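Chemist: Got a structure for you, questions after.
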Amino acid sequence: MVDTLGVAVVGFGWMGRVHTQAYARIPHHYPQLPLRPRLVTVAEEVPGRAEEAAAQFGFASTTRDWREVAADPRVRAVSITAPNFLHREIGVAMAEAGKHIWIEKPVGLTTEDARAVADAAAKAGVQSAVGFNYRNAPAVETARELIASGEIGTVTHVRVRLFSDYAAHPQSALTWRYERERGGSGVLGDLASHGADLARFLLGDIASLTADTAVFVPERARPTGATAGHTLATGELGPVENEDYVSCLLRFASGARGVLEACRVSVGEQNNYGFEVHGTKGAVFWDFRRMGELGVSRGTSYQDQPVSTLYVGPGHGEYGAFQPGAATSMGYDDLKVIEAQRFLRSVAEGTAHGATLADAVHSATVLDAMSRSAESGSWVDVEAPA
């Protein structure tokens, strides 16, 4: 028997659409899952956007006030894809209303925000999922298994990169993303949060770090009306309040070393995300733009040891739910379907699967340490989450 789970989406920008599409695809890829999501309501304050979403995807109702979602008894689980500054208020309210939570990273503006949502979910006994989607790639999960098995020896160092050009145009509108009050950090919360999660997912806890940040586009034009995506603007110039770039040296609890670098204004770079992990006997390499490939070097040669390409296939992570044979490409949206499945499985079984609010708190503590280090110019310890 398949039970239905009433779900809602709060915030219907691009990510709200991605969550909605992931819910819709669950029966296609995971027909044996004992829960089937049912799109109950969508909340979006931009006039007309919720109605458009309902017409396209089949939500039963719409609202401009997310508080109506918290009070709706039909809703048992909520996707929170609103801007960062709303994460804490909405997340805590939904947990206190007994709703299971699938929330996008970084879960608020600070560690305190992420911890508040995590504590509310724990107190309410609801399940959670957080949008650290890159760890869901079958090649990334395979890399983690190879590292844990000792195939590349003892890990010595890792390099994690996240370069994008989404904010490279100097006329990009000065939206909430560039404001401390509503966006919090800049590329730290947007891209480096993924990097911190990937580094910990692969190598374990980060013990200490030193970081440097920079703003390369110090002013942007204020929008003169509603903006969508990365709209260009020609209004009055205003200051960019958060960082465009971060570089960070890492020391892991294991003794391994690392480099994490992220930038949102990298001209010529589109979604250049990936990692290189080196060990005493080999290495693994992954590039998001070739998501189904994992470079692997292992053996006993040490010097001049070759790198082979492993094409993931059935048997690697969740690949088999999407394609029957190796080397057929998966895409970004597939990673969110995996995330949705793990969220629904967590709800069905009462046990966490995939990234949770606890992982968001860990990531947030690393980001806060980066901010402290960039301000002080010194090494800082990463505080263990309480």
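So you can find residues: chains in the structure tokens are A, B, ... in the order shown, residues in each start at 1, and ligands are numbered from 1 in order.
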Each residue of stretch 312-374 of chain A with at least one atom at most 12 Å from stretch 228-252 of chain A should appear once, together with its nearest atom pair and the corresponding distance in Å (one decimal); atoms considered: only C-alpha atoms; ordering: chain, then increasing residue number; output as JSON lines.
Modeler:
```
{"residue": "A:Val366", "atom": "CA", "partner": "A:Leu250", "partner_atom": "CA", "distance": 10.0}
{"residue": "A:Leu367", "atom": "CA", "partner": "A:Cys248", "partner_atom": "CA", "distance": 10.3}
{"residue": "A:Ala369", "atom": "CA", "partner": "A:Cys248", "partner_atom": "CA", "distance": 10.3}
{"residue": "A:Met370", "atom": "CA", "partner": "A:Cys248", "partner_atom": "CA", "distance": 7.4}
{"residue": "A:Ser371", "atom": "CA", "partner": "A:Val246", "partner_atom": "CA", "distance": 9.5}
{"residue": "A:Arg372", "atom": "CA", "partner": "A:Cys248", "partner_atom": "CA", "distance": 11.9}
{"residue": "A:Ser373", "atom": "CA", "partner": "A:Cys248", "partner_atom": "CA", "distance": 9.2}
{"residue": "A:Ala374", "atom": "CA", "partner": "A:Val246", "partner_atom": "CA", "distance": 8.8}
```
Chemist: Selection from above, N, CA and C atoms, as a CSV table (one decimal), in the first residue's frame, can you write it?
Modeler:
```
chain,number,residue,atom,x,y,z
A,366,VAL,N,31.4,26.0,10.0
A,366,VAL,CA,32.6,26.2,9.2
A,366,VAL,C,32.5,27.6,8.5
A,367,LEU,N,31.3,28.0,8.0
A,367,LEU,CA,31.2,29.3,7.4
A,367,LEU,C,31.4,30.4,8.4
A,369,ALA,N,33.3,30.3,11.0
A,369,ALA,CA,34.7,30.3,11.3
A,369,ALA,C,35.5,31.0,10.1
A,370,MET,N,35.1,30.8,8.9
A,370,MET,CA,35.7,31.5,7.8
A,370,MET,C,35.5,33.0,7.9
A,371,SER,N,34.3,33.4,8.3
A,371,SER,CA,34.1,34.9,8.5
A,371,SER,C,35.0,35.4,9.6
A,372,ARG,N,35.1,34.7,10.7
A,372,ARG,CA,35.9,35.2,11.8
A,372,ARG,C,37.4,35.3,11.4
A,373,SER,N,37.8,34.3,10.6
A,373,SER,CA,39.2,34.2,10.2
A,373,SER,C,39.5,35.4,9.2
A,374,ALA,N,38.6,35.6,8.3
A,374,ALA,CA,38.8,36.7,7.3
A,374,ALA,C,38.9,38.0,8.0
```
Chemist: Counting only C-alpha atoms, what is within 8 Å of A:Gly354, bar same-chain residues fewer than 3 positions away, as a PyMOL selection string?
Modeler: chain A and resi 129+339+342-343
Chemist: Would you please extract all helix (DSSP H, G or I) residues from stretch 13-106 of chain A, as assigned by DSSP on the backbone, and give them as a PyMOL selection string?
Modeler: chain A and resi 14-29+49-57+66-70+84-96
Chemist: Using only C-alpha atoms, which protein or nucleic acid residues come within 7 Å of A:Thr81? Drop anything in the same chain fewer than 4 positions from it, and give the result as number ranges by chain.
Modeler: A: 10-11, 15-16, 103-104
Chemist: I need the strand (DSSP E) residues of stretch 166-377 of chain A per DSSP on the backbone, written as an NGL selection string.
Modeler: :A and (206-214 or 219-221 or 237-239 or 245-252 or 257-263 or 272-279 or 283-287 or 293-297 or 308-311)
Chemist: Using the selection just defined, write its residues with C-alpha atoms as a short mmCIF file (atom, residue, chain, number, x, y, z; two decimals), in the first residue's frame.
Modeler:
```cif
data_model
loop_
_atom_site.label_atom_id
_atom_site.label_comp_id
_atom_site.auth_asym_id
_atom_site.auth_seq_id
_atom_site.Cartn_x
_atom_site.Cartn_y
_atom_site.Cartn_z
CA ILE A 206 37.20 20.26 9.79
CA ALA A 207 39.17 21.22 12.90
CA SER A 208 40.59 24.64 12.01
CA LEU A 209 40.99 27.02 9.09
CA THR A 210 42.22 30.36 7.84
CA ALA A 211 40.31 32.31 5.21
CA ASP A 212 40.44 35.41 3.03
CA THR A 213 37.49 37.10 1.34
CA ALA A 214 37.07 39.88 -1.20
CA GLU A 219 28.53 48.52 -6.32
CA ARG A 220 25.48 47.34 -8.23
CA ALA A 221 22.38 49.05 -9.60
CA LEU A 237 24.04 52.35 -7.44
CA GLY A 238 24.22 50.78 -4.00
CA PRO A 239 26.96 48.95 -2.08
CA TYR A 245 35.17 35.47 -3.26
CA VAL A 246 36.60 33.25 -0.53
CA SER A 247 39.75 31.16 -0.29
CA CYS A 248 40.39 28.97 2.71
CA LEU A 249 43.06 26.63 4.05
CA LEU A 250 41.65 23.71 6.02
CA ARG A 251 42.98 21.36 8.67
CA PHE A 252 40.87 18.25 9.18
CA ARG A 257 44.95 19.39 4.78
CA GLY A 258 42.71 21.15 2.31
CA VAL A 259 41.94 24.17 0.17
CA LEU A 260 38.42 25.46 -0.42
CA GLU A 261 37.90 28.25 -2.95
CA ALA A 262 34.63 29.76 -4.17
CA CYS A 263 33.75 32.73 -6.37
CA ASN A 272 32.91 24.78 -12.31
CA TYR A 273 32.39 22.75 -9.15
CA GLY A 274 34.47 19.78 -8.10
CA PHE A 275 37.21 18.30 -5.95
CA GLU A 276 40.55 16.53 -6.01
CA VAL A 277 41.39 14.22 -3.10
CA HIS A 278 44.94 12.89 -2.78
CA GLY A 279 46.08 10.01 -0.62
CA ALA A 283 43.68 10.04 -5.78
CA VAL A 284 40.10 10.72 -6.90
CA PHE A 285 38.90 13.60 -9.08
CA TRP A 286 35.35 14.86 -9.76
CA ASP A 287 33.93 17.67 -11.90
CA GLU A 293 32.68 10.44 -14.32
CA LEU A 294 35.14 9.85 -11.50
CA GLY A 295 38.86 10.05 -12.11
CA VAL A 296 40.62 7.36 -10.07
CA SER A 297 44.32 6.69 -9.53
CA SER A 308 41.56 6.02 -15.15
CA THR A 309 37.99 7.19 -15.70
CA LEU A 310 35.24 5.35 -13.87
CA TYR A 311 31.82 5.87 -15.49
#
```
Chemist: Tell me which of A:Met94, A:Ala60, A:Leu35, A:Ala364 sits closest to A:Ala121, counting only C-alpha atoms.
Modeler: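 Residue with the minimum atom-to-atom distance to A:Ala121: A:Met94.
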Chemist: Go through A:Glu96, A:Val160, A:Thr356, A:Ile80 and flag the residue nearest A:Gly13, using only C-alpha atoms for the distances.
Modeler: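 Smallest distance to A:Gly13 is found for A:Ile80.
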Chemist: Can you pull out the residues contacting A:Val130? Cut-off 8 Å, using only C-alpha atoms, and skip same-chain residues under 2 positions away; I want them as an MDAnalysis selection string.
Modeler: chainID A and resid 102:105 128 132 355:357 359:360
Chemist: Go ahead and dump the residues you just picked, all heavy atoms, as a compact mmCIF listing (two decimals), in the first residue's frame.
Modeler:
```
# COMPACT_ATOMS: atom_id res chain seq x y z
N TRP A 102 11.88 20.08 4.34
CA TRP A 102 12.95 20.02 3.34
C TRP A 102 13.31 21.47 3.05
O TRP A 102 12.53 22.20 2.47
CB TRP A 102 12.46 19.29 2.09
CG TRP A 102 13.48 19.19 0.98
CD1 TRP A 102 14.82 19.43 1.05
CD2 TRP A 102 13.21 18.80 -0.38
NE1 TRP A 102 15.42 19.22 -0.18
CE2 TRP A 102 14.45 18.82 -1.07
CE3 TRP A 102 12.07 18.42 -1.08
CZ2 TRP A 102 14.57 18.51 -2.41
CZ3 TRP A 102 12.18 18.09 -2.41
CH2 TRP A 102 13.42 18.12 -3.08
N ILE A 103 14.48 21.89 3.48
CA ILE A 103 14.86 23.30 3.42
C ILE A 103 16.16 23.46 2.67
O ILE A 103 17.06 22.62 2.74
CB ILE A 103 14.98 23.86 4.86
CG1 ILE A 103 15.21 25.38 4.84
CG2 ILE A 103 16.05 23.15 5.67
CD1 ILE A 103 15.07 26.03 6.22
N GLU A 104 16.26 24.55 1.94
CA GLU A 104 17.48 24.81 1.19
C GLU A 104 18.58 25.36 2.09
O GLU A 104 18.31 26.01 3.10
CB GLU A 104 17.22 25.77 0.04
CG GLU A 104 16.69 25.08 -1.20
CD GLU A 104 17.60 23.96 -1.68
OE1 GLU A 104 18.82 24.17 -1.79
OE2 GLU A 104 17.07 22.86 -1.94
N LYS A 105 19.82 25.05 1.71
CA LYS A 105 20.95 25.62 2.43
C LYS A 105 21.01 27.12 2.13
O LYS A 105 20.41 27.58 1.16
CB LYS A 105 22.26 24.90 2.04
CG LYS A 105 22.56 24.87 0.52
CD LYS A 105 23.21 26.14 0.07
CE LYS A 105 23.02 26.39 -1.39
NZ LYS A 105 23.37 27.78 -1.77
N SER A 128 13.92 15.94 8.66
CA SER A 128 14.42 17.07 7.90
C SER A 128 15.31 16.63 6.76
O SER A 128 15.88 15.53 6.78
CB SER A 128 15.22 18.02 8.81
OG SER A 128 16.44 17.42 9.23
N PHE A 132 21.90 20.03 0.22
CA PHE A 132 23.29 19.80 -0.17
C PHE A 132 23.31 18.75 -1.27
O PHE A 132 23.71 17.60 -1.07
CB PHE A 132 24.13 19.36 1.04
CG PHE A 132 24.33 20.43 2.06
CD1 PHE A 132 24.01 20.22 3.39
CD2 PHE A 132 24.85 21.66 1.70
CE1 PHE A 132 24.20 21.20 4.35
CE2 PHE A 132 25.04 22.67 2.65
CZ PHE A 132 24.72 22.43 3.98
N ALA A 355 21.31 14.27 3.70
CA ALA A 355 21.71 15.45 4.46
C ALA A 355 20.54 15.99 5.28
O ALA A 355 19.41 16.08 4.79
CB ALA A 355 22.22 16.54 3.52
N THR A 356 20.81 16.34 6.54
CA THR A 356 19.78 16.81 7.46
C THR A 356 20.16 18.16 8.04
O THR A 356 21.21 18.73 7.73
CB THR A 356 19.59 15.81 8.61
OG1 THR A 356 20.79 15.81 9.42
CG2 THR A 356 19.32 14.40 8.09
N LEU A 357 19.31 18.66 8.92
CA LEU A 357 19.60 19.93 9.58
C LEU A 357 20.87 19.86 10.42
O LEU A 357 21.55 20.88 10.60
CB LEU A 357 18.41 20.34 10.45
CG LEU A 357 17.22 20.93 9.68
CD1 LEU A 357 15.97 20.98 10.55
CD2 LEU A 357 17.56 22.32 9.15
N ASP A 359 23.58 18.44 9.48
CA ASP A 359 24.63 18.76 8.51
C ASP A 359 24.66 20.25 8.21
O ASP A 359 25.74 20.83 8.00
CB ASP A 359 24.42 17.96 7.21
CG ASP A 359 24.54 16.46 7.43
OD1 ASP A 359 25.62 16.01 7.84
OD2 ASP A 359 23.54 15.75 7.20
N ALA A 360 23.50 20.89 8.18
CA ALA A 360 23.44 22.34 7.96
C ALA A 360 24.13 23.08 9.09
O ALA A 360 24.82 24.08 8.86
CB ALA A 360 22.00 22.80 7.81
```
Chemist: Which one is closest to A:Pro314: A:Val78, A:Leu109, A:Ala139, A:Ala358? Count only C-alpha atoms.
Modeler: A:Ala139
Chemist: May I have the residues within 9 Å of A:Gly325 as a list in words, using only C-alpha atoms and disregarding those fewer than 2 positions away in the same chain?
Modeler: Val312, Gly313, Pro314, Tyr319, Gly320, Gln323, Ala327 and Thr328 of chain A
Chemist: Point out the residue among A:Met291, A:Val155, A:Val117, A:Val69 with the least atom-to-atom distance to A:Tyr332, counting only C-alpha atoms.
Modeler: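 Smallest separation from A:Tyr332 among the options: A:Met291.
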Chemist: Please determine, counting only C-alpha atoms, which residue among A:Val158, A:Glu318, A:Val126, A:Thr111 has the shortest atom-to-atom distance to A:Glu383.
Modeler: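 Under the stated criterion, the closest residue is A:Thr111.
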Chemist: For atom CA of A:Ser266 and atom CA of A:Met330, quote the distance in Å rounded to one decimal.
Modeler: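 Computed distance, atom CA of A:Ser266 to atom CA of A:Met330, equals 25.1 Å.
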